[in-house]
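Q: This is the structure, below, for whatever I ask next.
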Amino acid sequence: MDRATFACSTAFFRDYSSSSQSTFCLPTGHVDFIDKVESFTYSDFFRDYLIPNHPCVFSAKFTDGWGSRRNWVTWDGKPDFDYLLQKFGDAIVPVANCDVKEYNSNPKEQLPFKEYVNYWKEYIKNDYRSSRGCLYLKDWHLSRAFPEQDVYTTPVYFSSDWLNEYWDAIAVDDYRFVYMGPKGSWTPFHADVFRSYSWSANICGRKKWLLYPPGQEDYLKDRHGNLPFDVTAPGLQDKSVYPRYNQSQPPVEIVQEAGEIVFIPSGWHHQVYNLEDTISINHNWVNGCNVAIMWCFLQDELAAVQREINEWKDPMDDWHLQCQLIMKSCTGIDYKEFYNFLKVIAENRISILENGLDDEASAKNTPKAAISTLGMLHAVFDLKRTVKVLTSLSANEDFKKLDLTSLSPPPEALLHHLKAAIDTALL
């Protein structure tokens with residue numbers, strides 16, 4: 001989206017900057033299909049899908065120019081194993097066994113990519129059967145491992161991406177993945193990391209998605225409060241085990257074709273099947289529209305940890321710190337890192353507001369570059385949402401019980417800086 005277009009949306013973003021987080025709405029099962037690239041703007045996506053937290057599907061026209069769609073696929077729409085082996089044959093990749101349940105997920109192993117492709121070929125030849133089970137390459141950080149490869153360009157609609165902006169800044173991790181799997185491979189019922197948004201683009205093949213809006217998952221829990229592994233399992237009909245299942249709404253179902261992108265809103269639980277041999281590219285991301293949901297999720301996770309080890313509260317001097325360590329081991333982040341996450345996001349936007357837009361930076365396809373591309377007003381929106389969450393974090397009793405002396409700047413100073421930057425930008 002060019003800056004002139006974004007500037008025309010000034011009143012629009014000011015309205016949403018001051019509004020509270022939108023409530024979830026249960027759709028009637030219809031999911032919008034976005035067909036034309038030229039007539040669908042970032043502001044359209046922001047207003048109609050990000051803020052109301054509704055799913056949608058983008059047509060294959062939005063991925064037409066991607067290198068992976070040109071090079072990774074044969075003329076008849078199948079994975080081009082020869083090309084993939086040539087480019088990535090020596091890589092080590094994470095592979096899950098879809099036929100085995102381990103707790104509430106599938107066990108994973110690390111395999112050479114060439115071994116996985118050989119398995120996949122044999123699996124197809126053997127009519128999609130193997131003594132090794134149905135293996136699914138999942139959560140491969142291909143872009144991080146092969147940055148020189150022309151794979152894809154993140155569509156502008158998903159470019160306000162705080163998760164990858166932060167993890168790129170600290171050079172530790174990212175939330176950009178490639179999935180490759182045969183017909184019949186699948187992902188069990190779950191909601192995405194930190195209750196983030198996700199987008200998933202099929203390079204080839206087809207997927208079926210079963211989506212449940214936030215709150216519906218409560219009806220699917222068993223009498224112990226556990227979510228099902230497979231929402232299609234006949235056992236969910238057993239009222240003695242799943243007493244509220246009959247109160248649940250049917251899932252929103254999407255069949256995603258080759259080239260199409262599915263947008264999964266924040267906190268929507270889902271289960272996914274590959275209907276054909278399929279390759280997809282997936283991102284998880286958080287931004288100003290759902291960072292409050294991420295913060296609520298972290299509070300819920302900490303409360304769950306505290307309940308589990310409550311009996312050790314009195315004899316353990318550092319009980320609150322131990323709760324943070326356990327939460328981080330389970331979720332990937334604790335309260336102090338969440339503060340640093342907010343700080344990095346805020347400081348990048350303050351830099352834009354104080355120093356202006358950077359034409360050279362905005363030409364790059366990175367989350368940080370997106371700040372320049374989306375413009376000054378979006379930076380203000382982001383800062384306002386950051387202030388709300390940072391204010392809540394600073395007042396949180398569990399946060400205040402931690403040793404905060406290592407945080408620089410201190411939360412109060414950062415909040416003051418954010419508010420001053422917003423006030424100056426709106427003069």
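Residue numbers start at 1 in each chain; chains themselves are named A, B, ... in the order of the structure tokens; ligands are numbered from 1 in the order shown.
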Do you know which residues are at most 12 Å from Thr154 of chain A counting only C-alpha atoms, after dropping those on the same chain fewer than 6 positions away, and could you put them as an mmCIF file with C-alpha atoms, in the first residue's frame?
A:
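Writing the result to part.cif gives the following:
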```
data_model
loop_
_atom_site.group_PDB
_atom_site.id
_atom_site.type_symbol
_atom_site.label_atom_id
_atom_site.label_comp_id
_atom_site.auth_asym_id
_atom_site.auth_seq_id
_atom_site.Cartn_x
_atom_site.Cartn_y
_atom_site.Cartn_z
ATOM 1 C CA PHE A 62 -2.023 -12.947 -4.337
ATOM 2 C CA THR A 63 0.823 -15.511 -4.634
ATOM 3 C CA GLY A 65 4.700 -13.909 -8.324
ATOM 4 C CA TRP A 66 6.281 -16.138 -5.676
ATOM 5 C CA SER A 143 13.744 -18.865 5.155
ATOM 6 C CA SER A 160 2.664 -5.541 10.688
ATOM 7 C CA ASP A 161 4.329 -8.502 12.370
ATOM 8 C CA ASN A 164 9.099 -11.726 13.772
ATOM 9 C CA ARG A 176 8.112 -18.339 9.674
ATOM 10 C CA TRP A 199 -1.542 -17.042 7.629
ATOM 11 C CA SER A 200 -0.962 -20.154 5.537
ATOM 12 C CA ALA A 201 -0.332 -20.198 1.785
ATOM 13 C CA ILE A 261 -3.864 -18.022 1.509
ATOM 14 C CA ILE A 281 4.213 -21.490 3.929
ATOM 15 C CA ASN A 282 2.980 -20.342 7.333
ATOM 16 C CA HIS A 283 3.610 -17.332 9.558
ATOM 17 C CA ASN A 284 2.468 -16.633 13.103
ATOM 18 C CA TRP A 285 2.244 -12.973 13.972
ATOM 19 C CA LYS A 364 13.036 -4.409 2.166
ATOM 20 C CA ASN A 365 10.608 -7.225 2.898
ATOM 21 C CA THR A 366 11.030 -7.422 6.673
ATOM 22 C CA PRO A 367 8.685 -6.711 9.610
ATOM 23 C CA ALA A 369 10.655 -2.320 7.093
ATOM 24 C CA ALA A 370 6.865 -2.619 7.221
#
```
Q: If we count only C-alpha atoms and set the cut-off at 8 Å, which residues sit around segment 419-423 of chain A, ignoring sequence neighbours fewer than 3 positions away in its own chain? Please answer as number ranges by chain.
A: A: 350, 353-354, 380, 383-384, 387, 415-416, 426-427
Q: Could you save the residues just selected, with N, CA, C and O atoms, as an mmCIF file, in the first residue's frame?
A:
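And here's selection20.cif as it stands now:
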```cif
data_model
loop_
_atom_site.group_PDB
_atom_site.id
_atom_site.type_symbol
_atom_site.label_atom_id
_atom_site.label_comp_id
_atom_site.auth_asym_id
_atom_site.auth_seq_id
_atom_site.Cartn_x
_atom_site.Cartn_y
_atom_site.Cartn_z
ATOM 1 N N ILE A 350 8.901 4.665 17.748
ATOM 2 C CA ILE A 350 9.340 5.992 18.169
ATOM 3 C C ILE A 350 10.407 6.520 17.219
ATOM 4 O O ILE A 350 10.417 7.704 16.861
ATOM 5 N N LEU A 353 8.694 7.904 14.214
ATOM 6 C CA LEU A 353 8.021 9.180 14.489
ATOM 7 C C LEU A 353 9.016 10.314 14.686
ATOM 8 O O LEU A 353 8.753 11.457 14.287
ATOM 9 N N GLU A 354 10.152 10.023 15.287
ATOM 10 C CA GLU A 354 11.120 11.080 15.583
ATOM 11 C C GLU A 354 12.056 11.363 14.425
ATOM 12 O O GLU A 354 12.509 12.498 14.252
ATOM 13 N N VAL A 380 1.643 5.310 15.175
ATOM 14 C CA VAL A 380 0.915 5.887 16.311
ATOM 15 C C VAL A 380 -0.094 4.867 16.852
ATOM 16 O O VAL A 380 -0.227 4.688 18.069
ATOM 17 N N LEU A 383 1.733 2.343 18.880
ATOM 18 C CA LEU A 383 2.168 2.875 20.172
ATOM 19 C C LEU A 383 1.006 2.970 21.152
ATOM 20 O O LEU A 383 1.159 2.677 22.341
ATOM 21 N N LYS A 384 -0.160 3.381 20.678
ATOM 22 C CA LYS A 384 -1.319 3.476 21.574
ATOM 23 C C LYS A 384 -1.698 2.105 22.120
ATOM 24 O O LYS A 384 -2.018 1.961 23.313
ATOM 25 N N VAL A 387 0.916 1.119 24.700
ATOM 26 C CA VAL A 387 0.727 1.818 25.974
ATOM 27 C C VAL A 387 -0.321 1.109 26.828
ATOM 28 O O VAL A 387 -0.140 0.933 28.043
ATOM 29 N N LEU A 415 7.009 4.101 29.463
ATOM 30 C CA LEU A 415 5.640 4.586 29.296
ATOM 31 C C LEU A 415 5.605 6.081 29.073
ATOM 32 O O LEU A 415 4.869 6.587 28.210
ATOM 33 N N HIS A 416 6.392 6.809 29.827
ATOM 34 C CA HIS A 416 6.440 8.265 29.667
ATOM 35 C C HIS A 416 6.912 8.639 28.263
ATOM 36 O O HIS A 416 6.352 9.542 27.617
ATOM 37 N N LEU A 426 0.718 13.631 17.251
ATOM 38 C CA LEU A 426 -0.665 14.038 16.977
ATOM 39 C C LEU A 426 -0.853 15.548 17.028
ATOM 40 O O LEU A 426 -1.983 16.026 16.846
ATOM 41 N N LEU A 427 0.224 16.293 17.266
ATOM 42 C CA LEU A 427 0.104 17.764 17.279
ATOM 43 C C LEU A 427 -0.215 18.291 15.888
ATOM 44 O O LEU A 427 0.249 17.754 14.882
#
```
Q: Using DSSP assignments from the backbone, pull out every residue in segment 327-416 of chain A that falls under alpha helix (DSSP H) and give it to me as a VMD selection string.
A: chain A and resid 327 to 331 335 to 355 359 to 362 367 to 374 376 to 395 397 to 400 411 to 416
Q: Wanna dump the segment 137-239 of chain A-segment 294-307 of chain A contacts at 9 Å for me, each residue with its shortest atom pair and the distance in Å to one decimal, counting only C-alpha atoms, ordered by chain and number, as a tab-separated table?
A:
```
residue	atom	partner	partner_atom	distance
A:Phe194	CA	A:Met294	CA	5.3
A:Arg195	CA	A:Met294	CA	5.9
A:Ser196	CA	A:Met294	CA	6.9
```
Q: What does the file look like for those residues with N, CA, C and O atoms, as a short mmCIF file (atom, residue, chain, number, x, y, z; two decimals), in the first residue's frame?
A:
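Saved file result10.cif follows:
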```
data_model
loop_
_atom_site.label_atom_id
_atom_site.label_comp_id
_atom_site.auth_asym_id
_atom_site.auth_seq_id
_atom_site.Cartn_x
_atom_site.Cartn_y
_atom_site.Cartn_z
N PHE A 194 0.97 -18.18 21.47
CA PHE A 194 0.62 -16.87 22.04
C PHE A 194 -0.77 -16.39 21.64
O PHE A 194 -1.07 -15.21 21.76
N ARG A 195 -1.58 -17.28 21.09
CA ARG A 195 -2.89 -16.91 20.52
C ARG A 195 -2.71 -15.87 19.40
O ARG A 195 -3.51 -14.96 19.20
N SER A 196 -1.65 -16.08 18.63
CA SER A 196 -1.31 -15.18 17.53
C SER A 196 -2.25 -15.37 16.35
O SER A 196 -2.99 -16.35 16.26
#
```
Q: So what do you get for atom CA of Ser372 of chain A versus atom CA of Val156 of chain A, distance-wise?
A: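 Separating atom CA of Ser372 of chain A from atom CA of Val156 of chain A is a distance of 11.9 Å.
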Q: Which one is closest to Pro182 of chain A: A:Val241, A:Met327, A:Ile170, A:Leu137? Count only C-alpha atoms.
A: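 Checking each of A:Val241, A:Met327, A:Ile170, A:Leu137 against Pro182 of chain A, counting only C-alpha atoms, the winner is A:Leu137.
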Q: Determine, counting only C-alpha atoms, which protein, DNA and RNA residues have an atom within 8 Å of an atom of His141 of chain A; residues of the same chain fewer than 4 positions away are not included. Present the result as a list in words.
A: Ala145, Asp174, Tyr175, Arg176, Phe177 and Val178 of chain A
Q: At a cut-off of 6 Å, using only C-alpha atoms, what residues contact segment 89-101 of chain A? Leave out same-chain residues fewer than 6 positions from it and give the result as an mmCIF file with C-alpha atoms, in the first residue's frame.
A:
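Heads up, here's the output in selection-v2.cif:
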```
data_model
loop_
_atom_site.group_PDB
_atom_site.id
_atom_site.type_symbol
_atom_site.label_atom_id
_atom_site.label_comp_id
_atom_site.auth_asym_id
_atom_site.auth_seq_id
_atom_site.Cartn_x
_atom_site.Cartn_y
_atom_site.Cartn_z
ATOM 1 C CA PRO A 107 6.208 -36.771 18.267
ATOM 2 C CA LYS A 108 8.929 -35.191 16.131
ATOM 3 C CA GLU A 109 12.353 -36.226 14.936
ATOM 4 C CA GLN A 110 15.084 -34.513 12.936
ATOM 5 C CA LEU A 111 15.756 -36.053 9.514
ATOM 6 C CA PRO A 112 17.903 -35.144 6.503
ATOM 7 C CA PHE A 113 15.615 -33.543 3.934
ATOM 8 C CA LYS A 114 16.768 -36.005 1.255
ATOM 9 C CA GLY A 133 3.590 -44.140 9.562
ATOM 10 C CA CYS A 134 2.423 -40.884 7.971
ATOM 11 C CA LEU A 135 5.315 -38.436 8.326
ATOM 12 C CA TYR A 136 4.770 -34.685 8.067
ATOM 13 C CA LEU A 137 7.555 -32.102 7.717
ATOM 14 C CA LYS A 138 6.425 -29.271 10.016
#
```
Q: Pick the closest to Lys121 of chain A from A:Arg223, A:Asp80, A:Asp334, A:Val344: which is it, counting only C-alpha atoms?
A: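 The shortest atom-to-atom distance to Lys121 of chain A comes from A:Asp80.
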Q: Compare A:Ile264, A:Leu275, A:Leu236, A:Ile203 by their minimum atom-to-atom distance to Tyr128 of chain A, counting only C-alpha atoms, and give me the closest one.
A: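 Comparing A:Ile264, A:Leu275, A:Leu236, A:Ile203 against Tyr128 of chain A, the winner is A:Leu275.
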Q: Go through segment 77-289 of chain A and collect every residue that DSSP, computed from the backbone, puts in strand (DSSP E or B); the answer should be as a short mmCIF file (atom, residue, chain, number, x, y, z; two decimals) with N, CA, C and O atoms, in the first residue's frame.
A:
```cif
data_model
loop_
_atom_site.label_atom_id
_atom_site.label_comp_id
_atom_site.auth_asym_id
_atom_site.auth_seq_id
_atom_site.Cartn_x
_atom_site.Cartn_y
_atom_site.Cartn_z
N PRO A 79 4.44 -31.54 -5.97
CA PRO A 79 5.75 -31.09 -5.49
C PRO A 79 6.86 -31.52 -6.45
O PRO A 79 6.89 -32.68 -6.87
N ILE A 92 18.66 -30.40 7.43
CA ILE A 92 18.06 -31.24 8.46
C ILE A 92 16.71 -30.62 8.82
O ILE A 92 16.63 -29.42 9.12
N VAL A 93 15.66 -31.43 8.81
CA VAL A 93 14.30 -30.88 8.94
C VAL A 93 13.53 -31.58 10.05
O VAL A 93 13.77 -32.75 10.35
N PRO A 94 12.56 -30.86 10.68
CA PRO A 94 11.72 -31.47 11.72
C PRO A 94 10.55 -32.22 11.10
O PRO A 94 9.83 -31.68 10.26
N VAL A 95 10.35 -33.45 11.52
CA VAL A 95 9.32 -34.31 10.93
C VAL A 95 8.47 -34.92 12.05
O VAL A 95 9.01 -35.50 13.00
N ALA A 96 7.16 -34.80 11.92
CA ALA A 96 6.22 -35.35 12.90
C ALA A 96 5.58 -36.62 12.35
O ALA A 96 5.38 -36.76 11.14
N ASN A 97 5.24 -37.53 13.26
CA ASN A 97 4.54 -38.76 12.87
C ASN A 97 3.06 -38.59 13.19
O ASN A 97 2.65 -38.60 14.34
N GLU A 102 1.40 -38.24 21.22
CA GLU A 102 2.30 -38.10 22.37
C GLU A 102 1.81 -36.89 23.16
O GLU A 102 1.97 -35.75 22.74
N SER A 105 -0.02 -34.00 21.06
CA SER A 105 0.58 -33.64 19.77
C SER A 105 1.22 -34.88 19.17
O SER A 105 1.08 -35.99 19.68
N LYS A 108 8.11 -35.66 17.25
CA LYS A 108 8.93 -35.19 16.13
C LYS A 108 10.33 -35.79 16.21
O LYS A 108 10.83 -36.13 17.28
N GLU A 109 10.95 -35.86 15.04
CA GLU A 109 12.35 -36.23 14.94
C GLU A 109 13.02 -35.35 13.88
O GLU A 109 12.34 -34.71 13.06
N GLN A 110 14.32 -35.27 13.92
CA GLN A 110 15.08 -34.51 12.94
C GLN A 110 15.61 -35.48 11.88
O GLN A 110 16.26 -36.48 12.21
N LEU A 111 15.31 -35.19 10.61
CA LEU A 111 15.76 -36.05 9.51
C LEU A 111 16.45 -35.23 8.44
O LEU A 111 16.11 -34.05 8.24
N PRO A 112 17.40 -35.81 7.71
CA PRO A 112 17.90 -35.14 6.50
C PRO A 112 16.75 -34.97 5.50
O PRO A 112 15.93 -35.88 5.33
N LEU A 135 4.37 -39.44 7.85
CA LEU A 135 5.31 -38.44 8.33
C LEU A 135 5.05 -37.08 7.67
O LEU A 135 4.80 -37.00 6.47
N TYR A 136 5.14 -36.04 8.49
CA TYR A 136 4.77 -34.69 8.07
C TYR A 136 5.89 -33.73 8.46
O TYR A 136 6.19 -33.58 9.65
N LEU A 137 6.52 -33.11 7.46
CA LEU A 137 7.55 -32.10 7.72
C LEU A 137 6.86 -30.82 8.18
O LEU A 137 6.09 -30.22 7.43
N LYS A 138 7.15 -30.40 9.43
CA LYS A 138 6.43 -29.27 10.02
C LYS A 138 7.40 -28.30 10.69
O LYS A 138 8.42 -28.71 11.24
N ASP A 139 7.03 -27.03 10.65
CA ASP A 139 7.76 -26.00 11.40
C ASP A 139 9.23 -25.89 10.98
O ASP A 139 10.12 -25.68 11.81
N TRP A 140 9.48 -26.01 9.68
CA TRP A 140 10.84 -25.87 9.14
C TRP A 140 11.11 -24.39 8.92
O TRP A 140 10.40 -23.71 8.18
N ARG A 176 8.34 -18.14 11.10
CA ARG A 176 8.11 -18.34 9.67
C ARG A 176 8.44 -19.80 9.36
O ARG A 176 9.55 -20.25 9.62
N PHE A 177 7.49 -20.49 8.78
CA PHE A 177 7.65 -21.94 8.64
C PHE A 177 7.27 -22.43 7.25
O PHE A 177 6.42 -21.84 6.58
N VAL A 178 7.86 -23.55 6.88
CA VAL A 178 7.43 -24.32 5.71
C VAL A 178 6.93 -25.68 6.20
O VAL A 178 7.52 -26.30 7.09
N TYR A 179 5.80 -26.10 5.62
CA TYR A 179 5.20 -27.42 5.90
C TYR A 179 5.17 -28.20 4.59
O TYR A 179 4.82 -27.65 3.55
N MET A 180 5.53 -29.46 4.64
CA MET A 180 5.44 -30.35 3.48
C MET A 180 4.93 -31.71 3.95
O MET A 180 5.50 -32.28 4.88
N GLY A 181 3.88 -32.20 3.30
CA GLY A 181 3.37 -33.49 3.74
C GLY A 181 2.53 -34.18 2.69
O GLY A 181 1.93 -33.54 1.82
N TRP A 186 -1.80 -34.50 8.78
CA TRP A 186 -2.72 -33.58 9.43
C TRP A 186 -2.10 -33.00 10.69
O TRP A 186 -1.09 -33.50 11.20
N THR A 187 -2.73 -31.93 11.19
CA THR A 187 -2.31 -31.28 12.44
C THR A 187 -3.45 -31.36 13.43
O THR A 187 -4.57 -30.93 13.13
N PRO A 188 -3.20 -31.88 14.64
CA PRO A 188 -4.27 -32.01 15.64
C PRO A 188 -4.83 -30.66 16.08
O PRO A 188 -4.28 -29.59 15.79
N PHE A 189 -5.92 -30.72 16.83
CA PHE A 189 -6.67 -29.55 17.31
C PHE A 189 -5.78 -28.69 18.20
O PHE A 189 -5.18 -29.17 19.17
N HIS A 190 -5.73 -27.38 17.91
CA HIS A 190 -4.88 -26.47 18.67
C HIS A 190 -5.25 -25.02 18.35
O HIS A 190 -5.96 -24.75 17.38
N TYR A 197 -2.19 -14.42 15.42
CA TYR A 197 -2.74 -14.64 14.08
C TYR A 197 -1.84 -15.63 13.36
O TYR A 197 -0.66 -15.80 13.70
N SER A 198 -2.38 -16.26 12.32
CA SER A 198 -1.51 -16.98 11.39
C SER A 198 -2.04 -16.83 9.97
O SER A 198 -3.23 -16.58 9.77
N TRP A 199 -1.13 -16.92 9.03
CA TRP A 199 -1.54 -17.04 7.63
C TRP A 199 -0.82 -18.25 7.04
O TRP A 199 0.30 -18.56 7.43
N SER A 200 -1.49 -18.93 6.14
CA SER A 200 -0.96 -20.15 5.54
C SER A 200 -1.26 -20.14 4.05
O SER A 200 -2.43 -20.07 3.64
N ALA A 201 -0.20 -20.22 3.25
CA ALA A 201 -0.33 -20.20 1.79
C ALA A 201 0.04 -21.55 1.22
O ALA A 201 1.12 -22.08 1.50
N ASN A 202 -0.85 -22.14 0.42
CA ASN A 202 -0.55 -23.40 -0.25
C ASN A 202 0.29 -23.14 -1.49
O ASN A 202 -0.16 -22.46 -2.43
N ILE A 203 1.49 -23.68 -1.51
CA ILE A 203 2.32 -23.61 -2.72
C ILE A 203 1.80 -24.62 -3.74
O ILE A 203 1.73 -24.35 -4.93
N CYS A 204 1.43 -25.79 -3.26
CA CYS A 204 0.72 -26.77 -4.09
C CYS A 204 -0.13 -27.62 -3.16
O CYS A 204 0.06 -27.63 -1.94
N LYS A 207 -5.83 -28.18 1.30
CA LYS A 207 -6.02 -28.42 2.73
C LYS A 207 -7.49 -28.27 3.09
O LYS A 207 -8.21 -27.48 2.46
N LYS A 208 -7.89 -28.98 4.14
CA LYS A 208 -9.20 -28.74 4.76
C LYS A 208 -8.97 -28.23 6.17
O LYS A 208 -8.22 -28.83 6.95
N TRP A 209 -9.61 -27.11 6.49
CA TRP A 209 -9.50 -26.48 7.80
C TRP A 209 -10.83 -26.59 8.54
O TRP A 209 -11.89 -26.32 7.96
N LEU A 210 -10.76 -26.96 9.82
CA LEU A 210 -11.91 -26.91 10.72
C LEU A 210 -11.61 -25.86 11.78
O LEU A 210 -10.67 -26.02 12.57
N LEU A 211 -12.38 -24.77 11.78
CA LEU A 211 -12.11 -23.62 12.64
C LEU A 211 -13.20 -23.44 13.68
O LEU A 211 -14.40 -23.55 13.36
N TYR A 212 -12.78 -23.12 14.90
CA TYR A 212 -13.72 -22.83 15.99
C TYR A 212 -13.39 -21.45 16.56
O TYR A 212 -12.26 -21.23 17.01
N VAL A 252 -16.35 -23.94 11.44
CA VAL A 252 -16.28 -23.26 10.15
C VAL A 252 -15.30 -24.05 9.29
O VAL A 252 -14.16 -24.29 9.69
N GLU A 253 -15.74 -24.50 8.14
CA GLU A 253 -14.92 -25.37 7.30
C GLU A 253 -14.45 -24.63 6.06
O GLU A 253 -15.22 -23.95 5.38
N ILE A 254 -13.16 -24.77 5.77
CA ILE A 254 -12.55 -24.16 4.59
C ILE A 254 -11.80 -25.23 3.83
O ILE A 254 -11.04 -26.00 4.43
N VAL A 255 -11.99 -25.31 2.53
CA VAL A 255 -11.13 -26.10 1.66
C VAL A 255 -10.27 -25.12 0.88
O VAL A 255 -10.77 -24.30 0.13
N GLN A 256 -8.98 -25.21 1.13
CA GLN A 256 -8.00 -24.27 0.56
C GLN A 256 -7.32 -24.90 -0.64
O GLN A 256 -6.73 -25.98 -0.56
N ILE A 261 -4.34 -18.32 0.16
CA ILE A 261 -3.86 -18.02 1.51
C ILE A 261 -5.06 -17.99 2.45
O ILE A 261 -6.06 -17.32 2.17
N VAL A 262 -4.94 -18.69 3.57
CA VAL A 262 -5.97 -18.65 4.61
C VAL A 262 -5.46 -17.78 5.75
O VAL A 262 -4.32 -17.94 6.21
N PHE A 263 -6.31 -16.85 6.20
CA PHE A 263 -6.02 -16.04 7.38
C PHE A 263 -6.77 -16.64 8.56
O PHE A 263 -8.00 -16.73 8.55
N ILE A 264 -6.01 -17.05 9.60
CA ILE A 264 -6.59 -17.62 10.82
C ILE A 264 -6.52 -16.55 11.91
O ILE A 264 -5.43 -16.12 12.29
N HIS A 269 -9.25 -21.89 17.56
CA HIS A 269 -8.73 -23.25 17.53
C HIS A 269 -9.03 -23.88 16.17
O HIS A 269 -10.05 -23.56 15.54
N HIS A 270 -8.15 -24.76 15.73
CA HIS A 270 -8.34 -25.35 14.41
C HIS A 270 -7.65 -26.70 14.30
O HIS A 270 -6.74 -27.03 15.06
N GLN A 271 -8.10 -27.46 13.32
CA GLN A 271 -7.53 -28.75 12.95
C GLN A 271 -7.42 -28.75 11.43
O GLN A 271 -8.32 -28.27 10.74
N VAL A 272 -6.30 -29.30 10.90
CA VAL A 272 -6.00 -29.12 9.48
C VAL A 272 -5.59 -30.45 8.84
O VAL A 272 -4.79 -31.20 9.43
N TYR A 273 -6.11 -30.72 7.65
CA TYR A 273 -5.81 -31.94 6.90
C TYR A 273 -5.23 -31.58 5.53
O TYR A 273 -5.72 -30.65 4.86
N ASN A 274 -4.24 -32.34 5.10
CA ASN A 274 -3.77 -32.24 3.72
C ASN A 274 -4.57 -33.22 2.87
O ASN A 274 -4.47 -34.45 3.06
N THR A 278 1.00 -31.81 -0.30
CA THR A 278 0.85 -30.37 -0.11
C THR A 278 2.12 -29.75 0.46
O THR A 278 2.79 -30.34 1.32
N ILE A 279 2.44 -28.57 -0.04
CA ILE A 279 3.49 -27.72 0.53
C ILE A 279 2.85 -26.38 0.88
O ILE A 279 2.10 -25.81 0.08
N SER A 280 3.13 -25.89 2.08
CA SER A 280 2.58 -24.59 2.47
C SER A 280 3.62 -23.76 3.20
O SER A 280 4.60 -24.29 3.74
N ILE A 281 3.39 -22.45 3.19
CA ILE A 281 4.21 -21.49 3.93
C ILE A 281 3.32 -20.85 4.97
O ILE A 281 2.20 -20.41 4.66
N ASN A 282 3.78 -20.82 6.21
CA ASN A 282 2.98 -20.34 7.33
C ASN A 282 3.75 -19.32 8.15
O ASN A 282 4.95 -19.49 8.40
N HIS A 283 3.06 -18.28 8.59
CA HIS A 283 3.61 -17.33 9.56
C HIS A 283 2.66 -17.24 10.75
O HIS A 283 1.44 -17.24 10.58
N ASN A 284 3.22 -17.12 11.94
CA ASN A 284 2.47 -16.63 13.10
C ASN A 284 2.87 -15.19 13.34
O ASN A 284 4.04 -14.84 13.19
N TRP A 285 1.88 -14.36 13.70
CA TRP A 285 2.24 -12.97 13.97
C TRP A 285 1.26 -12.31 14.92
O TRP A 285 0.11 -12.71 15.04
#
```
Q: Identify which of the residues A:Tyr152, A:Phe229, A:Trp319, A:Tyr49 lies closest to Ser68 of chain A, counting only C-alpha atoms when measuring atom-to-atom distances.
A: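 Checking each of A:Tyr152, A:Phe229, A:Trp319, A:Tyr49 against Ser68 of chain A, counting only C-alpha atoms, the winner is A:Tyr152.
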Q: Between A:Lys239, A:Pro251, A:Phe81, A:Ser131, single out the one closest to Glu115 of chain A, counting only C-alpha atoms.
A: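 Looking at the shortest contact to Glu115 of chain A, the residue is A:Phe81.
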Q: Go through A:Thr331, A:Ser159, A:Phe46, A:Asp317 and flag the residue nearest Ile371 of chain A, using only C-alpha atoms for the distances.
A: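 So, comparing all the options, the nearest one is A:Ser159.
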Q: Tell me, as an MDAnalysis selection string, which residues lie within 9 Å of Leu50 of chain A, counting only C-alpha atoms; anything in the same chain fewer than 6 positions away does not count.
A: chainID A and resid 197 265:266 289:290
Q: Excluding segment 339-342 of chain A and residues on its chain fewer than 3 positions from it, collect all residues at most 7 Å away from it, counting only C-alpha atoms, and give them as an NGL selection string.
A: :A and (166 or 335-336 or 345-346 or 386)
